[in-house]
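Engineer: Quick one: the structure is below, and I'll ask about it shortly.
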Amino acid sequence: MPLPESWERADPEGFAPFDDVIDVRSPAEFAEDHVPGAINLPVLDNEERARVGTIYVQESAFLARRVGAALVARNVARHLETALADRPQTYRPLIYCWRGGQRSNAMALILGQIGWRAAVLKGGYKTYRRRVQARLYDVALGFDLVLLDGGTGAGKTEVLKALARRGVQTLDLEAMAEHRGSLFGGRPGAQQPSQKTFETRLAAALDRLDPARPLVVEAESSKVGDRIVPPALWRAMAQAPRVLLTAPREARARHLIETYSELVTDPAALKHTLSQLPVHIGRKAVEAMAAQVDAGAFTDLAASLMELHYDPAYSRSAREDQRPLLGRIALEHIDDAGIEDAAMTIETIIAARKPHSAAS
């Protein structure tokens with residue numbers, strides 16, 4: 001069926017003119033990744049999609065389309081009676097499926113008959129995904145990066161947030177990856193987003209930022225938990241100048257216990273994580289740290305982890321780091337006052353420096 005003349009096919013570069021972006025794919029597809037801000041109103045749920053696909057392969061395309069059409073009609077009717085029941089006559093939604101094909105067209109046809117100006121995203125999610133990949137894989141990042149560096153527990157994440165409050169452009173990779181970037185970095189009760197969702201979040205964040213202004217990023221490895229930092233960003237980070245935060249090990253240990261406070265409430269899980277430390281740490285050292293867990297000596301445990309695991313690893317990487325050092329900030333205490341002072345100093349350093357090439 002040809003598209004009615006009143007339909008529009010929107011390019012995936014901008015979604016602002018639309019009241020809603022509607023993802024009509026299955027909940028499983030939506031959960032893996034979706035256009036930022038989209039709502040999921042599936043025309044086929046997970047089981048229905050699998051059922052129609054099986055009929056298509058094992059029986060016939062005609063039967064699959066007939067069964068699918070009945071399911072789609074019922075599901076769209078339910079959305080009209082629930083999620084879309086309060087939309088006004090002027091409602092203008094943008095609809096997409098995997099390729100901008102049958103599922104999105106079916107929804108748009110019904111909404112168009114109501115009188116709503118329903119647009120179909122040209123190329124569907126697949127085209128949007130290609131745009132994200134091109135942004136993060138195929139071209140230079142185009143931002144003037146400054147790295148916030150320092151050992152584990154030095155307060156980098158808190159300083160990054162303080163910089164954001166002061167109006168400095170920042171990019172919080174740990175928040176987007178839902179991981180704090182270490183063996184103990186998983187967030188309680190939460191799984192990391194898929195790699196696709198991580199990249200979608202990152203591309204959307206970059207789109208909101210000004211390439212003409214410096215951008216502060218916490219120095220990370222090439223992975224944040226299990227999520228990989230895309231090549232364009234990683235190449236820029238590999239060349240970016242650094243500001244180094246330092247703090248005494250005792251202060252960092254106390255700060256770690258405050259930051260990872262949920263770990264001390266589950267000693268069994270904590271000891272399980274300790275068992276996953278690299279083998280070079282040694283069995284006796286791991287047993288000693290497990291004993292600290294049993295004794296409730298969590299600050300001592302954090303200090304032991306720094307001495308035996310985190311600080312040696314950081315020292316090895318720091319010796320090989322050729323990136324320019326813009327400044328070194330020593331925090332005696334990692335508290336609110338110290339974090340705000342550090343952020344103020346970093347803001348001054350950034351303002352005074354000669355900008356790095358934004359093409360890196």
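In the structure tokens, the first chain shown is A, the next is B, and so on; residue numbers restart at 1 for each chain, and ligands run from 1 in the order shown.
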Sort by chain and increasing residue number a table of all residues of segment 243-349 of chain A within 10 Å of segment 186-205 of chain A, each with its closest pair of atoms and their distance in Å to one decimal, counting only C-alpha atoms, and write it as JSON lines.
Structural biologist:
{"residue": "A:Tyr260", "atom": "CA", "partner": "A:Arg187", "partner_atom": "CA", "distance": 9.2}
{"residue": "A:Glu262", "atom": "CA", "partner": "A:Pro188", "partner_atom": "CA", "distance": 7.4}
{"residue": "A:Leu263", "atom": "CA", "partner": "A:Pro188", "partner_atom": "CA", "distance": 8.6}
Engineer: Please produce, as CSV, a per-residue contact table for segment 103-215 of chain A versus segment 55-73 of chain A (criterion: any atom at most 12 Å away, only C-alpha atoms considered), showing the nearest atom pair and its distance in Å to one decimal, sorted by chain then residue number.
Structural biologist:
residue,atom,partner,partner_atom,distance
A:Arg103,CA,A:Val72,CA,7.9
A:Ser104,CA,A:Val72,CA,10.3
A:Asn105,CA,A:Val72,CA,11.0
A:Ala106,CA,A:Val72,CA,7.7
A:Met107,CA,A:Val72,CA,8.1
A:Ala108,CA,A:Val72,CA,11.7
A:Leu109,CA,A:Ala73,CA,10.9
A:Ile110,CA,A:Ala73,CA,8.8
A:Leu111,CA,A:Ala73,CA,11.5
Engineer: Those same residues, written as a CSV table (one decimal), in the first residue's frame with N, CA and C atoms?
Structural biologist:
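File written: result-v9.csv
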chain,number,residue,atom,x,y,z
A,103,ARG,N,6.0,-2.7,10.7
A,103,ARG,CA,5.4,-2.4,12.0
A,103,ARG,C,5.2,-0.9,12.3
A,104,SER,N,6.1,0.0,11.9
A,104,SER,CA,5.9,1.4,12.1
A,104,SER,C,4.8,1.9,11.1
A,105,ASN,N,4.8,1.4,9.9
A,105,ASN,CA,3.8,1.8,8.9
A,105,ASN,C,2.4,1.5,9.4
A,106,ALA,N,2.3,0.3,10.0
A,106,ALA,CA,0.9,-0.1,10.4
A,106,ALA,C,0.4,0.8,11.5
A,107,MET,N,1.3,1.1,12.5
A,107,MET,CA,0.9,2.1,13.6
A,107,MET,C,0.6,3.4,13.0
A,108,ALA,N,1.4,3.9,12.1
A,108,ALA,CA,1.3,5.3,11.5
A,108,ALA,C,0.0,5.3,10.7
A,109,LEU,N,-0.4,4.3,10.0
A,109,LEU,CA,-1.6,4.3,9.2
A,109,LEU,C,-2.8,4.5,10.1
A,110,ILE,N,-2.9,3.8,11.2
A,110,ILE,CA,-4.0,3.9,12.1
A,110,ILE,C,-4.1,5.3,12.7
A,111,LEU,N,-2.9,5.7,13.2
A,111,LEU,CA,-2.9,7.1,13.9
A,111,LEU,C,-3.2,8.2,12.9
Engineer: Provide the atom CA of Leu209 of chain A to atom CA of Thr170 of chain A distance in Å, to one decimal place.
Structural biologist: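 Atom CA of Leu209 of chain A sits 8.8 Å away from atom CA of Thr170 of chain A.
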Engineer: Please extract the residues of segment 36-238 of chain A with a backbone DSSP assignment of strand (DSSP E) and present them as a list in words.
Structural biologist: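 Selecting the strand (DSSP E) positions of segment 36-238 of chain A gives Ile39, Asn40, Pro93, Leu94, Ile95, Tyr96, Ala119, Val120, Leu121, Asp144, Leu145, Val146, Leu147, Leu148, Asp149, Gly150, Thr170, Leu171, Pro214, Leu215, Val216, Val217, Glu218, Lys223, Val224, Arg227 and Ile228 of chain A.
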Engineer: Find the residues around Arg252 of chain A up to 12 Å (only C-alpha atoms counted), leave out those fewer than 4 positions away in its own chain, and share them as a ChimeraX atom specification.
Structural biologist: /A:150-156,245-248,256-260,299-307,310-311,330-335
Engineer: For Trp116 of chain A, which of A:Tyr128, A:Phe18, A:Pro278, A:Gly101 is the closest residue, counting only C-alpha atoms?
Structural biologist: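 Among the listed residues, A:Phe18 lies closest to Trp116 of chain A.
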Engineer: Could you check which of A:Lys161, A:Arg51, A:His79, A:Arg166 is closest to Val24 of chain A, using only C-alpha atoms?
Structural biologist: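 Looking only at the distances to Val24 of chain A, the closest residue turns out to be A:His79.
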Engineer: Can you list every residue in segment 169-340 of chain A that DSSP puts in alpha helix (DSSP H), as an MDAnalysis selection string?
Structural biologist: chainID A and resid 173:177 195:207 231:239 249:259 267:274 283:295 298:305 311:319 336:340
Engineer: So which one's closest to Ala140 of chain A, A:Ala288, A:Ile39, A:Arg180, A:Ala232? Using only C-alpha atoms, please.
Structural biologist: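 For Ala140 of chain A, the nearest of the given residues is A:Ala232.
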Engineer: With a distance cut-off of 12 Å and only C-alpha atoms, select the neighbouring residues of Glu287 of chain A, excluding the residue or stretch itself and same-chain residues fewer than 3 positions from it, and output the selection as a ChimeraX atom specification.
Structural biologist: /A:271-272,274-275,277,281-284,290-294,301,304
Engineer: Identify, on the basis of only C-alpha atoms, every residue whose closest approach to Gly124 of chain A does not exceed 6 Å; exclude the query and any residue fewer than 5 positions from it along the same chain; express the result as a list in words.
Structural biologist: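 Residues meeting the cut-off are Tyr96, Cys97, Trp98, Arg99 and Gly100 of chain A.
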Engineer: Which of these residues is nearest to Glu220 of chain A, using only C-alpha atoms: A:His179, A:Lys126, A:Arg208, A:His255?
Structural biologist: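 Looking only at the distances to Glu220 of chain A, the closest residue turns out to be A:His179.
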Engineer: Please, what distance in Å, to one decimal, runs between atom CA of Leu94 of chain A and atom CA of Asn75 of chain A?
Structural biologist: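 Calculated distance between atom CA of Leu94 of chain A and atom CA of Asn75 of chain A is 17.7 Å.
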Engineer: Extract, using only C-alpha atoms, all DNA, RNA and protein residues at most 7 Å from segment 321-329 of chain A, discarding same-chain residues fewer than 6 positions from it, and format them as a ChimeraX atom specification.
Structural biologist: /A:239-246,342
Engineer: Identify which of the residues A:Ala83, A:Ala236, A:Asp207, A:Met176 lies closest to Leu141 of chain A, counting only C-alpha atoms when measuring atom-to-atom distances.
Structural biologist: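 For Leu141 of chain A, the nearest of the given residues is A:Ala236.
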Engineer: Can you measure atom CA of Val146 of chain A to atom CA of Pro214 of chain A for me? One decimal in Å is fine.
Structural biologist: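 Distance between the two atoms: 6.9 Å.
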